[in-house]
$ cat entry23.cif   # mmCIF, C-alpha atoms and all ligand atoms
data_upload
#
loop_
_atom_site.label_atom_id
_atom_site.label_comp_id
_atom_site.auth_asym_id
_atom_site.auth_seq_id
_atom_site.Cartn_x
_atom_site.Cartn_y
_atom_site.Cartn_z
CA MET A 1 -26.30 15.94 -10.13
CA GLY A 2 -27.69 13.70 -7.42
CA GLY A 3 -27.12 14.80 -3.88
CA LEU A 4 -26.76 18.54 -4.48
CA ARG A 5 -28.92 20.78 -2.37
CA PRO A 6 -30.53 23.36 -4.66
CA TRP A 7 -29.72 26.23 -2.28
CA SER A 8 -26.04 25.37 -1.98
CA HIS A 9 -23.20 27.57 -3.08
CA LEU A 10 -22.12 24.72 -5.32
CA ALA A 11 -25.40 24.62 -7.13
CA PHE A 12 -25.26 28.40 -7.59
CA ARG A 13 -21.78 28.18 -9.05
CA ARG A 14 -22.75 25.41 -11.39
CA GLU A 15 -25.83 27.22 -12.61
CA ALA A 16 -23.92 30.46 -13.09
CA HIS A 17 -21.27 28.64 -15.03
CA TYR A 18 -23.87 26.90 -17.14
CA LEU A 19 -25.55 30.20 -17.96
CA GLY A 20 -22.23 31.72 -18.89
CA VAL A 21 -22.48 34.55 -16.36
CA GLY A 22 -19.16 33.81 -14.65
CA ASN A 23 -18.35 32.97 -11.11
CA PRO A 24 -20.61 34.62 -8.52
CA ILE A 25 -17.80 35.25 -6.02
CA GLY A 26 -15.27 36.97 -8.19
CA ASN A 27 -12.93 36.73 -11.09
CA LEU A 28 -11.94 33.09 -10.66
CA GLU A 29 -11.03 30.58 -13.30
CA PRO A 30 -13.99 28.63 -14.65
CA ALA A 31 -14.49 25.31 -12.89
CA MET A 32 -12.52 22.35 -14.12
CA LYS A 33 -14.67 19.31 -14.71
CA ILE A 34 -14.12 15.61 -14.26
CA THR A 35 -14.69 13.90 -17.61
CA LYS A 36 -13.67 10.28 -17.03
CA VAL A 37 -13.21 7.93 -14.07
CA ASP A 38 -11.50 4.59 -14.67
CA VAL A 39 -10.00 1.79 -12.61
CA VAL A 40 -7.06 -0.07 -14.14
CA LEU A 41 -6.57 -3.46 -12.50
CA VAL A 42 -3.00 -4.59 -11.97
CA ASP A 43 -1.76 -8.09 -11.14
CA VAL A 44 0.80 -7.87 -8.35
CA PRO A 45 2.85 -10.98 -7.63
CA ALA A 46 3.32 -12.35 -4.13
CA ILE A 47 5.98 -10.66 -2.00
CA ASP A 48 9.09 -12.76 -2.40
CA PRO A 49 10.56 -13.79 -0.10
CA PRO A 50 7.49 -13.57 2.13
CA PHE A 51 7.62 -12.19 5.66
CA VAL A 52 5.66 -12.75 8.84
CA TRP A 53 3.92 -10.54 11.40
CA ARG A 54 3.14 -11.37 15.03
CA LYS A 55 1.59 -14.70 15.92
CA ASN A 56 -2.00 -15.33 14.85
CA ILE A 57 -2.19 -12.83 11.99
CA PRO A 58 -1.26 -13.49 8.35
CA GLY A 59 2.10 -12.40 6.98
CA SER A 60 2.85 -10.79 3.65
CA ASP A 61 0.34 -10.89 0.82
CA GLY A 62 0.24 -13.54 -1.80
CA ALA A 63 -0.52 -12.51 -5.37
CA ILE A 64 -3.22 -9.80 -5.47
CA VAL A 65 -5.20 -7.80 -7.99
CA ALA A 66 -4.44 -4.19 -7.10
CA GLY A 67 -5.57 -1.16 -9.05
CA TRP A 68 -5.12 2.46 -10.07
CA LEU A 69 -7.87 5.02 -10.00
CA VAL A 70 -7.60 7.40 -12.94
CA ILE A 71 -9.56 10.67 -12.97
CA GLU A 72 -9.41 12.71 -16.18
CA THR A 73 -10.48 16.35 -16.50
CA ASP A 74 -11.43 18.73 -19.27
CA ALA A 75 -8.28 20.73 -18.41
CA GLY A 76 -6.08 17.87 -19.58
CA ILE A 77 -4.90 17.13 -16.04
CA THR A 78 -5.11 13.50 -14.90
CA GLY A 79 -5.09 12.36 -11.28
CA PHE A 80 -3.92 8.96 -10.07
CA ALA A 81 -4.30 6.98 -6.87
CA SER A 82 -3.33 3.41 -6.09
CA VAL A 83 -5.48 0.88 -4.29
CA GLY A 84 -4.47 -2.50 -2.93
CA ARG A 85 -7.83 -4.19 -3.44
CA GLY A 86 -8.59 -3.44 -7.08
CA VAL A 87 -11.60 -5.69 -7.67
CA ILE A 88 -13.51 -4.44 -4.63
CA PHE A 89 -12.67 -0.83 -5.43
CA LYS A 90 -13.70 -1.15 -9.08
CA ASP A 91 -17.07 -2.40 -7.96
CA TYR A 92 -17.61 0.75 -5.85
CA VAL A 93 -16.45 2.98 -8.70
CA ASP A 94 -18.77 1.30 -11.18
CA ARG A 95 -21.80 1.41 -8.88
CA ARG A 96 -21.28 4.62 -6.87
CA PHE A 97 -18.21 6.81 -7.39
CA ARG A 98 -18.24 7.39 -11.15
CA GLY A 99 -21.78 8.74 -11.06
CA GLU A 100 -20.86 11.04 -8.16
CA LEU A 101 -17.72 12.35 -9.83
CA ILE A 102 -18.40 12.86 -13.54
CA GLY A 103 -19.15 16.54 -14.23
CA GLN A 104 -17.91 17.71 -10.82
CA ASP A 105 -15.17 20.26 -10.23
CA PRO A 106 -12.19 18.24 -8.93
CA MET A 107 -10.99 21.27 -6.94
CA MET A 108 -14.04 20.95 -4.68
CA ARG A 109 -12.29 18.32 -2.59
CA GLU A 110 -14.05 19.05 0.68
CA TYR A 111 -17.43 18.66 -0.95
CA LEU A 112 -16.45 15.47 -2.76
CA TRP A 113 -14.88 14.09 0.45
CA GLU A 114 -18.21 14.59 2.20
CA ARG A 115 -19.96 12.85 -0.68
CA MET A 116 -17.65 9.84 -0.14
CA TRP A 117 -18.65 9.72 3.53
CA GLU A 118 -22.32 9.83 2.55
CA MET A 119 -21.66 6.92 0.18
CA ASP A 120 -19.87 5.18 3.05
CA ARG A 121 -22.98 5.47 5.18
CA ILE A 122 -24.97 3.42 2.71
CA GLU A 123 -22.17 1.06 1.59
CA ARG A 124 -19.90 0.82 4.68
CA PHE A 125 -16.66 0.80 2.68
CA PRO A 126 -13.65 -1.07 4.02
CA PRO A 127 -11.52 1.62 5.74
CA MET A 128 -8.77 1.07 3.15
CA LEU A 129 -10.99 2.43 0.35
CA ILE A 130 -12.46 5.72 1.60
CA HIS A 131 -9.29 7.64 0.71
CA VAL A 132 -8.67 6.70 -2.90
CA VAL A 133 -10.75 9.38 -4.62
CA ASP A 134 -9.35 12.07 -2.32
CA VAL A 135 -5.77 11.11 -3.18
CA ALA A 136 -6.43 11.39 -6.92
CA LEU A 137 -8.14 14.77 -6.43
CA TRP A 138 -5.11 16.13 -4.55
CA ASP A 139 -2.91 14.84 -7.38
CA ILE A 140 -5.01 16.88 -9.83
CA ALA A 141 -5.04 20.00 -7.66
CA ALA A 142 -1.29 19.95 -7.09
CA LYS A 143 -0.65 19.43 -10.79
CA ALA A 144 -2.95 22.37 -11.57
CA ALA A 145 -0.88 24.46 -9.17
CA ASN A 146 2.39 23.01 -10.54
CA LEU A 147 3.39 22.06 -7.00
CA PRO A 148 4.20 18.85 -5.15
CA VAL A 149 1.26 17.89 -2.95
CA TYR A 150 3.05 18.67 0.31
CA LYS A 151 3.47 22.31 -0.71
CA LEU A 152 -0.18 22.59 -1.64
CA LEU A 153 -1.08 21.07 1.75
CA GLY A 154 1.19 23.66 3.34
CA GLY A 155 4.83 22.69 3.29
CA TYR A 156 6.61 22.55 6.63
CA ARG A 157 9.93 20.83 5.90
CA GLU A 158 11.99 19.37 3.05
CA SER A 159 13.42 16.32 4.81
CA ILE A 160 12.70 14.21 7.88
CA PRO A 161 14.31 11.29 9.77
CA ALA A 162 13.03 7.80 8.99
CA TYR A 163 12.61 4.95 11.41
CA ALA A 164 13.29 1.39 10.43
CA SER A 165 9.99 -0.41 11.04
CA THR A 166 10.59 -4.13 11.25
CA VAL A 167 8.58 -7.14 10.25
CA THR A 168 8.71 -9.99 12.76
CA TYR A 169 12.08 -11.71 12.70
CA SER A 170 12.70 -15.23 13.94
CA SER A 171 14.48 -14.61 17.24
CA ILE A 172 15.72 -11.92 19.61
CA SER A 173 19.27 -12.40 18.29
CA GLU A 174 18.10 -11.85 14.71
CA PHE A 175 16.31 -8.64 15.77
CA LEU A 176 19.57 -7.43 17.36
CA ASP A 177 21.51 -8.30 14.20
CA ILE A 178 19.00 -6.37 12.06
CA ALA A 179 19.16 -3.41 14.46
CA SER A 180 22.91 -3.22 13.97
CA GLN A 181 22.38 -3.15 10.20
CA PHE A 182 19.98 -0.19 10.54
CA ILE A 183 22.39 1.78 12.69
CA ASP A 184 25.29 1.05 10.34
CA ASP A 185 23.17 2.51 7.53
CA GLY A 186 22.39 5.71 9.42
CA TYR A 187 18.98 5.07 11.03
CA ARG A 188 18.63 6.65 14.47
CA ALA A 189 15.19 5.20 15.22
CA ILE A 190 13.78 1.66 15.15
CA LYS A 191 10.25 0.35 15.60
CA LEU A 192 9.49 -3.23 16.48
CA HIS A 193 6.69 -5.34 15.12
CA ALA A 194 7.56 -8.22 17.42
CA PHE A 195 6.34 -11.70 18.31
CA GLY A 196 2.96 -10.91 19.82
CA ASP A 197 3.93 -12.60 23.07
CA ALA A 198 4.00 -10.13 25.95
CA LYS A 199 6.81 -11.79 27.90
CA LYS A 200 9.01 -12.43 24.87
CA ASP A 201 8.38 -8.94 23.49
CA ALA A 202 9.33 -7.46 26.86
CA GLN A 203 12.60 -9.45 26.79
CA LEU A 204 13.29 -8.29 23.24
CA SER A 205 12.61 -4.65 24.10
CA LEU A 206 14.99 -4.66 27.07
CA ALA A 207 17.64 -6.57 25.10
CA LEU A 208 17.34 -4.14 22.19
CA ARG A 209 17.83 -1.13 24.47
CA ASP A 210 20.96 -2.74 25.91
CA HIS A 211 22.14 -3.52 22.39
CA VAL A 212 21.68 -0.07 20.79
CA GLY A 213 22.53 2.13 23.78
CA PRO A 214 20.66 5.19 25.03
CA ASP A 215 20.72 7.40 21.92
CA ILE A 216 18.67 5.37 19.42
CA ALA A 217 14.93 6.07 19.54
CA LEU A 218 12.90 2.88 19.99
CA MET A 219 9.21 2.36 19.40
CA TYR A 220 6.94 -0.66 19.69
CA ASP A 221 3.88 -1.60 17.61
CA GLY A 222 1.62 -4.34 18.99
CA SER A 223 -0.67 -4.64 15.93
CA ALA A 224 -3.52 -5.21 18.38
CA GLY A 225 -2.21 -8.52 19.69
CA PHE A 226 -3.00 -8.17 23.39
CA ASP A 227 -5.69 -7.81 26.02
CA LEU A 228 -5.41 -5.32 28.85
CA LEU A 229 -3.45 -7.54 31.23
CA ASP A 230 -0.72 -8.36 28.69
CA ALA A 231 -0.70 -4.78 27.38
CA VAL A 232 0.00 -3.52 30.92
CA TYR A 233 2.77 -6.09 31.47
CA LEU A 234 4.51 -5.15 28.24
CA GLY A 235 3.92 -1.43 28.79
CA HIS A 236 5.93 -1.55 32.02
CA ALA A 237 8.88 -3.13 30.16
CA LEU A 238 8.71 -0.56 27.37
CA ASP A 239 8.81 2.19 29.96
CA GLU A 240 11.83 0.57 31.62
CA ALA A 241 13.53 0.36 28.22
CA ARG A 242 12.66 4.03 27.55
CA PHE A 243 10.63 3.45 24.41
CA GLU A 244 9.41 6.60 22.71
CA TRP A 245 5.94 5.26 22.01
CA TYR A 246 3.69 2.23 22.51
CA GLU A 247 1.45 1.73 19.49
CA GLU A 248 -1.80 -0.19 19.21
CA PRO A 249 -1.29 -3.01 21.73
CA MET A 250 -5.06 -3.78 21.68
CA ARG A 251 -7.81 -3.50 19.09
CA GLU A 252 -8.72 0.17 18.90
CA PHE A 253 -12.48 -0.04 19.02
CA SER A 254 -12.76 0.76 22.74
CA VAL A 255 -11.41 4.14 23.81
CA THR A 256 -12.33 3.17 27.38
CA ALA A 257 -10.00 0.13 27.30
CA TYR A 258 -7.20 2.44 26.23
CA LYS A 259 -8.09 4.90 28.96
CA TRP A 260 -7.66 2.07 31.46
CA LEU A 261 -4.33 1.14 29.88
CA GLY A 262 -3.21 4.74 30.07
CA GLU A 263 -4.03 4.80 33.78
CA ARG A 264 -1.78 1.77 34.34
CA VAL A 265 1.36 2.45 32.24
CA ARG A 266 3.69 5.42 31.81
CA VAL A 267 4.99 4.83 28.26
CA PRO A 268 3.34 7.28 25.79
CA LEU A 269 0.56 5.77 23.67
CA LEU A 270 0.28 6.32 19.90
CA LEU A 271 -3.29 5.52 18.88
CA GLY A 272 -5.91 5.76 16.18
CA GLU A 273 -4.26 4.00 13.26
CA VAL A 274 -7.01 1.70 12.06
CA THR A 275 -10.38 2.69 13.48
CA ASP A 276 -13.08 3.44 10.97
CA GLY A 277 -14.26 7.03 10.59
CA ALA A 278 -10.93 8.87 10.27
CA HIS A 279 -11.16 12.17 12.20
CA MET A 280 -14.52 11.14 13.65
CA SER A 281 -12.94 8.31 15.65
CA ALA A 282 -9.56 10.00 16.25
CA GLY A 283 -11.25 12.75 18.22
CA ASP A 284 -12.11 10.57 21.22
CA PHE A 285 -8.52 9.38 21.64
CA ALA A 286 -7.53 13.03 21.98
CA ALA A 287 -10.52 14.14 24.03
CA THR A 288 -10.10 11.45 26.70
CA GLY A 289 -6.45 12.39 27.11
CA VAL A 290 -5.20 8.84 26.61
CA ALA A 291 -3.22 9.42 23.39
CA THR A 292 0.10 11.25 23.45
CA ALA A 293 0.09 11.02 19.67
CA LEU A 294 -2.49 10.23 16.99
CA ARG A 295 -1.91 8.16 13.87
CA VAL A 296 -2.38 9.70 10.42
CA SER A 297 -2.08 8.26 6.93
CA THR A 298 -3.73 8.73 3.59
CA PHE A 299 -4.83 5.12 3.28
CA LEU A 300 -6.65 4.53 6.58
CA ARG A 301 -7.58 8.09 7.56
CA GLY A 302 -9.54 9.41 4.59
CA GLY A 303 -6.82 10.54 2.24
CA PHE A 304 -4.84 13.76 2.51
CA THR A 305 -8.01 15.58 3.57
CA GLY A 306 -8.70 13.27 6.50
CA ALA A 307 -5.06 13.02 7.56
CA MET A 308 -4.67 16.79 7.69
CA ARG A 309 -7.86 17.14 9.74
CA ILE A 310 -6.46 14.71 12.32
CA ALA A 311 -3.02 16.36 12.29
CA HIS A 312 -4.53 19.75 12.98
CA LEU A 313 -6.84 18.33 15.63
CA ALA A 314 -3.80 16.79 17.35
CA ASP A 315 -1.83 20.01 17.04
CA ALA A 316 -4.56 21.94 18.80
CA TYR A 317 -3.93 19.71 21.85
CA HIS A 318 -0.11 19.70 21.42
CA LEU A 319 -0.19 16.04 20.45
CA ARG A 320 2.04 14.53 17.80
CA ALA A 321 0.44 13.26 14.59
CA GLU A 322 2.71 10.44 13.47
CA VAL A 323 2.48 9.37 9.83
CA HIS A 324 1.74 5.68 9.36
CA GLY A 325 3.08 3.71 6.43
CA PHE A 326 5.42 4.24 3.54
CA GLY A 327 5.35 5.45 -0.03
CA LEU A 328 4.99 8.75 -1.83
CA GLU A 329 1.66 9.78 -0.29
CA GLN A 330 2.94 9.31 3.26
CA ALA A 331 6.18 11.14 2.39
CA HIS A 332 4.09 14.15 1.35
CA LEU A 333 2.25 14.05 4.67
CA CYS A 334 5.59 13.91 6.50
CA MET A 335 6.65 17.15 4.81
CA ALA A 336 3.36 18.95 5.50
CA ILE A 337 2.53 17.96 9.09
CA LYS A 338 4.44 20.05 11.62
CA ASN A 339 3.72 17.73 14.55
CA ASN A 340 5.06 14.59 12.86
CA THR A 341 8.48 13.20 13.79
CA TYR A 342 9.41 10.42 11.37
CA TYR A 343 8.83 8.66 8.07
CA GLU A 344 8.01 4.95 8.57
CA SER A 345 10.39 2.90 6.45
CA LEU A 346 9.09 -0.67 6.53
CA VAL A 347 11.86 -3.22 6.20
CA LYS A 348 11.95 -6.98 5.70
CA ASP A 349 14.47 -9.74 4.91
CA ASN A 350 17.94 -10.26 6.34
CA PRO A 351 20.07 -8.50 5.16
CA TYR A 352 17.23 -6.00 5.21
CA THR A 353 15.50 -4.43 2.23
CA THR A 354 12.86 -1.69 2.24
CA LEU A 355 9.36 -2.76 1.35
CA ASP A 356 8.77 0.23 -0.93
CA LYS A 357 11.63 -0.95 -3.18
CA GLY A 358 13.38 2.40 -2.99
CA ILE A 359 10.46 4.56 -4.13
CA VAL A 360 11.23 6.84 -1.17
CA LYS A 361 14.94 6.59 -0.58
CA VAL A 362 16.31 6.62 2.96
CA ILE A 363 19.75 8.21 2.92
CA ASN A 364 21.71 8.49 6.18
CA GLY A 365 18.53 7.77 8.09
CA SER A 366 16.43 10.51 6.46
CA ILE A 367 14.20 11.04 3.43
CA ASN A 368 13.84 14.09 1.23
CA ALA A 369 10.60 15.64 0.03
CA PRO A 370 9.07 13.94 -3.03
CA LYS A 371 9.28 15.69 -6.35
CA GLY A 372 6.09 16.85 -8.01
CA PRO A 373 4.10 18.18 -9.51
CA GLY A 374 1.27 16.32 -7.84
CA ILE A 375 2.07 13.18 -5.87
CA GLY A 376 4.90 12.41 -8.25
CA PHE A 377 3.86 9.00 -9.52
CA GLU A 378 4.98 10.03 -13.00
CA VAL A 379 8.47 10.81 -11.68
CA GLN A 380 8.56 7.32 -10.17
CA TRP A 381 7.25 5.71 -13.36
CA ALA A 382 9.84 7.52 -15.47
CA GLU A 383 12.49 5.73 -13.40
CA MET A 384 10.83 2.36 -12.83
CA GLY A 385 8.28 2.03 -15.63
CA ALA A 386 4.54 2.65 -15.46
CA PRO A 387 2.16 -0.06 -14.25
CA LYS A 388 0.76 -2.11 -17.13
CA GLY A 389 -2.47 -0.61 -18.43
CA LEU A 390 -1.73 2.96 -17.34
CA GLU A 391 0.39 3.88 -20.36
CA LYS A 392 -2.60 5.20 -22.29
CA TYR A 393 -3.24 7.78 -19.57
CA LEU A 394 0.30 9.14 -19.56
CA LYS A 395 1.14 12.09 -21.73
MG MG A 401 0.99 0.46 13.45
#
$ encode --input "entry23.cif" --output "C-alpha cells" --more "lines below"
Ligand SMILES: [Mg+2]
Amino acid sequence: MGGLRPWSHLAFRREAHYLGVGNPIGNLEPAMKITKVDVVLVDVPAIDPPFVWRKNIPGSDGAIVAGWLVIETDAGITGFASVGRGVIFKDYVDRRFRGELIGQDPMMREYLWERMWEMDRIERFPPMLIHVVDVALWDIAAKAANLPVYKLLGGYRESIPAYASTVTYSSISEFLDIASQFIDDGYRAIKLHAFGDAKKDAQLSLALRDHVGPDIALMYDGSAGFDLLDAVYLGHALDEARFEWYEEPMREFSVTAYKWLGERVRVPLLLGEVTDGAHMSAGDFAATGVATALRVSTFLRGGFTGAMRIAHLADAYHLRAEVHGFGLEQAHLCMAIKNNTYYESLVKDNPYTTLDKGIVKVINGSINAPKGPGIGFEVQWAEMGAPKGLEKYLK
C-alpha cells in the first residue's frame, strides 16, 4: 500500500497477518479490512423559506448536490458520513481516498487521519472535507464496539443545555420577539448572528439584555464581519451587556489581530472555528492567551479525531472547547467533551424552527445523548427514511 514505511508497526502487523502468524503484540482480533468506498450523491432542495446572515455574505443554500460517504468492511460493518459538497468530495474519493483506504484496517484511525493530512498537503482540501473519512471510521469503530460514538470517545455526560443560535432577523424588535419564543420553550441561552453592523449590533445586544433579564446566557457571533476598530467598539457593548462570549468578529487568519483585540476588550473571546489545519491552527489561539475558549466541530476541525485533540489541548490550559454546529455528530462531541458547555441549536423562521428538523431534539432547553450504535444515522433513518441511494447499504 502506497505511503507505508516498511519499518512501521503497521507494516509489521500487515505482514504478520498476511503470513498467518497472528498479531505481533498479543492475542488481538485479526484486523478488519476496508473492502469498498463509495460516495452516494444526494439532491438536496433549497432551504425553504430561505434565511439570511449578516450583511455582505450569502444566506441559506439554494439546491445543492450533497453526498454520503459509505465505507464497507469485511466484518460486515458499514460506516457512513455526510458531506455537503458531494461532487467535490466524490472527486477526491475517486482520485485519492479510495486508493488510500481499500485494504486498510478501519480501526487504525490515527494512521488514516494522518494519511488524510498528507493528501491535504498535495491537494489542499477545502476545510469542510478533511473530516469526512474520519467520521465514517468512528461510525465503524463504535458499531464494532456496540457503543454510541460519544461513549467510545469517552463519555462525560448524557445531556447538555442547548443555546438557540439565531439566523439574522429583520429588526431588533423581531430579535426580541424570537428571544421570547426561545425562553417560553425552555432555552436558557441565546446566541446572536446579527446584522454585521457594529453600531446596530451593539444596540441589539444591549436591548436583548434588557429584554431577557440577567439570568439568560447571551453570546454573540460576528461571522468575521468586522475589522479591529469595529470589533473593539462592539466588544465594549458586549461586555456592558454581560455576554458570555464574543465569537469570530474578524477573519481568523491572524492570531496577532486577535491578540490586539484581546488587549482592548474584556468580553471573553471564542476563537478557532474556521481556520484551516484543525489542531495545528487552534494551538496558537491557546498559546498566545487570547482565546478563553476554542471552537471544535467534526466538520471544520478534522472529524472526531481533530475535535478531540483540540478539546484536550484546551483542557490542558483550562479553556473551554465549545462545540460548533448542530446534528448527530456534534451532539456526540457535546457528550464526550468535558470542557464544553452547550449544544448549538441553529434556528430560523418566525415562529422559529430548528434547522436540523428535529434530528437532535431540544426539550426544555436541553438535548439528550444520541442513540447508537455508531453515530446513529440508522436510528434517524428508521424514523425519517434513508436518503435516496443509500438503501442498498442498509441491512
Ligand atoms: Mg460561529
$ closest_residue --input "entry23.cif" --among "A:Met128, A:Leu238, A:Ala287, A:Ala75" --to "Thr256 in chain A" --atoms "only C-alpha atoms"
A:Ala287
$ closest_residue --input "entry23.cif" --among "A:Gly277, A:Gly303, A:Gly325, A:Gly186" --to "Ser366 in chain A" --atoms "all atoms listed in the file"
A:Gly186
$ closest_atom_pairs --input "entry23.cif" --of "chain A" --to "ligand MG 401 (chain A)" --cutoff "10 Å" --atoms "all atoms listed in the file" --output "CSV"
residue,atom,partner,partner_atom,distance
A:Ser165,CA,A:MG401,MG,9.4
A:Lys191,CA,A:MG401,MG,9.5
A:Leu192,CA,A:MG401,MG,9.7
A:His193,CA,A:MG401,MG,8.3
A:Tyr220,CA,A:MG401,MG,8.7
A:Asp221,CA,A:MG401,MG,5.5
A:Gly222,CA,A:MG401,MG,7.4
A:Ser223,CA,A:MG401,MG,5.9
A:Ala224,CA,A:MG401,MG,8.8
A:Tyr246,CA,A:MG401,MG,9.6
A:Glu247,CA,A:MG401,MG,6.2
A:Glu248,CA,A:MG401,MG,6.4
A:Pro249,CA,A:MG401,MG,9.3
A:Leu270,CA,A:MG401,MG,8.7
A:Leu271,CA,A:MG401,MG,8.6
A:Gly272,CA,A:MG401,MG,9.1
A:Glu273,CA,A:MG401,MG,6.3
A:Val274,CA,A:MG401,MG,8.2
A:Arg295,CA,A:MG401,MG,8.2
A:Val323,CA,A:MG401,MG,9.7
A:His324,CA,A:MG401,MG,6.7
A:Gly325,CA,A:MG401,MG,8.0
A:Glu344,CA,A:MG401,MG,9.7
$ residues_near_point --input "entry23.cif" --point "(-3.6, -5.2, 24.9)" --cutoff "8 Å" --atoms "all atoms listed in the file" --output "mmCIF file with C-alpha atoms, keeping the file's coordinate frame"
data_model
loop_
_atom_site.group_PDB
_atom_site.id
_atom_site.type_symbol
_atom_site.label_atom_id
_atom_site.label_comp_id
_atom_site.auth_asym_id
_atom_site.auth_seq_id
_atom_site.Cartn_x
_atom_site.Cartn_y
_atom_site.Cartn_z
ATOM 1 C CA GLY A 222 1.620 -4.340 18.990
ATOM 2 C CA ALA A 224 -3.520 -5.210 18.380
ATOM 3 C CA GLY A 225 -2.210 -8.520 19.690
ATOM 4 C CA PHE A 226 -3.000 -8.170 23.390
ATOM 5 C CA ASP A 227 -5.690 -7.810 26.020
ATOM 6 C CA LEU A 228 -5.410 -5.320 28.850
ATOM 7 C CA LEU A 229 -3.450 -7.540 31.230
ATOM 8 C CA ASP A 230 -0.720 -8.360 28.690
ATOM 9 C CA ALA A 231 -0.700 -4.780 27.380
ATOM 10 C CA VAL A 232 0.000 -3.520 30.920
ATOM 11 C CA GLU A 248 -1.800 -0.190 19.210
ATOM 12 C CA PRO A 249 -1.290 -3.010 21.730
ATOM 13 C CA MET A 250 -5.060 -3.780 21.680
ATOM 14 C CA ARG A 251 -7.810 -3.500 19.090
#
$ closest_residue --input "entry23.cif" --among "A:Lys200, A:Lys33, A:Arg109, A:Arg115" --to "Arg54 in chain A" --atoms "only C-alpha atoms"
A:Lys200
$ atom_distance --input "entry23.cif" --atom1 "CA of Gln181 in chain A" --atom2 "CA of Ala331 in chain A"
23.0 Å
$ atom_distance --input "entry23.cif" --atom1 "CA of Phe125 in chain A" --atom2 "CA of Phe89 in chain A"
9.2 Å
$ atom_distance --input "entry23.cif" --atom1 "CA of Lys36 in chain A" --atom2 "CA of Asp276 in chain A"
28.8 Å
$ residues_around --input "entry23.cif" --residues "range 378-384 of chain A" --least-positions-apart "3" --cutoff "12 Å" --atoms "only C-alpha atoms" --output "list of chain:residue names"
A:Thr78, A:Gly79, A:Phe80, A:Ala81, A:Asp139, A:Lys143, A:Pro148, A:Gly327, A:Leu328, A:Asp356, A:Lys357, A:Gly358, A:Ile359, A:Val360, A:Lys361, A:Pro370, A:Lys371, A:Gly372, A:Pro373, A:Gly374, A:Ile375, A:Pro387, A:Lys388, A:Leu390, A:Glu391, A:Tyr393, A:Leu394, A:Lys395
$ closest_residue --input "entry23.cif" --among "A:Asp48, A:Asp134, A:Glu72, A:Glu114" --to "Asp349 in chain A" --atoms "all atoms listed in the file"
A:Asp48
$ residues_around --input "entry23.cif" --residues "Thr298 in chain A" --least-positions-apart "2" --cutoff "7 Å" --atoms "only C-alpha atoms" --output "list in words"
His131, Leu300, Arg301, Gly302, Gly303, Phe304, Ala307, Glu329 and Gln330 of chain A
$ write_last_selection --input "entry23.cif" --atoms "C-alpha atoms" --output "short mmCIF file (atom, residue, chain, number, x, y, z; two decimals), keeping the file's coordinate frame"
data_model
loop_
_atom_site.label_atom_id
_atom_site.label_comp_id
_atom_site.auth_asym_id
_atom_site.auth_seq_id
_atom_site.Cartn_x
_atom_site.Cartn_y
_atom_site.Cartn_z
CA HIS A 131 -9.29 7.64 0.71
CA LEU A 300 -6.65 4.53 6.58
CA ARG A 301 -7.58 8.09 7.56
CA GLY A 302 -9.54 9.41 4.59
CA GLY A 303 -6.82 10.54 2.24
CA PHE A 304 -4.84 13.76 2.51
CA ALA A 307 -5.06 13.02 7.56
CA GLU A 329 1.66 9.78 -0.29
CA GLN A 330 2.94 9.31 3.26
#
$ residues_around --input "entry23.cif" --residues "Ala202 in chain A" --least-positions-apart "4" --cutoff "7 Å" --atoms "all atoms listed in the file" --output "number ranges by chain"
A: 198, 206, 234, 237-238
$ residues_around --input "entry23.cif" --residues "Ser254 in chain A" --least-positions-apart "3" --cutoff "10 Å" --atoms "all atoms listed in the file" --output "list of chain:residue names"
A:Met250, A:Arg251, A:Ala257, A:Tyr258, A:Lys259, A:Thr275, A:Asp284, A:Phe285
$ closest_residue --input "entry23.cif" --among "A:Lys348, A:Leu313, A:Ser159, A:Arg85" --to "Ile47 in chain A" --atoms "all atoms listed in the file"
A:Lys348
$ residues_around --input "entry23.cif" --residues "Gly86 in chain A" --least-positions-apart "2" --cutoff "12 Å" --atoms "all atoms listed in the file" --output "ChimeraX atom specification"
/A:38-44,64-69,81-84,88-94,128-129,132
$ closest_residue --input "entry23.cif" --among "A:Ile367, A:Ile190, A:Leu152, A:Leu176" --to "Gln203 in chain A" --atoms "only C-alpha atoms"
A:Leu176
$ axis_aligned_box --input "entry23.cif" --around "range 140-155 of chain A" --padding-each-side "8 Å" --output "JSON"
{"center_x": -0.1, "center_y": 20.7, "center_z": -4.1, "size_x": 25.9, "size_y": 23.6, "size_z": 30.9}
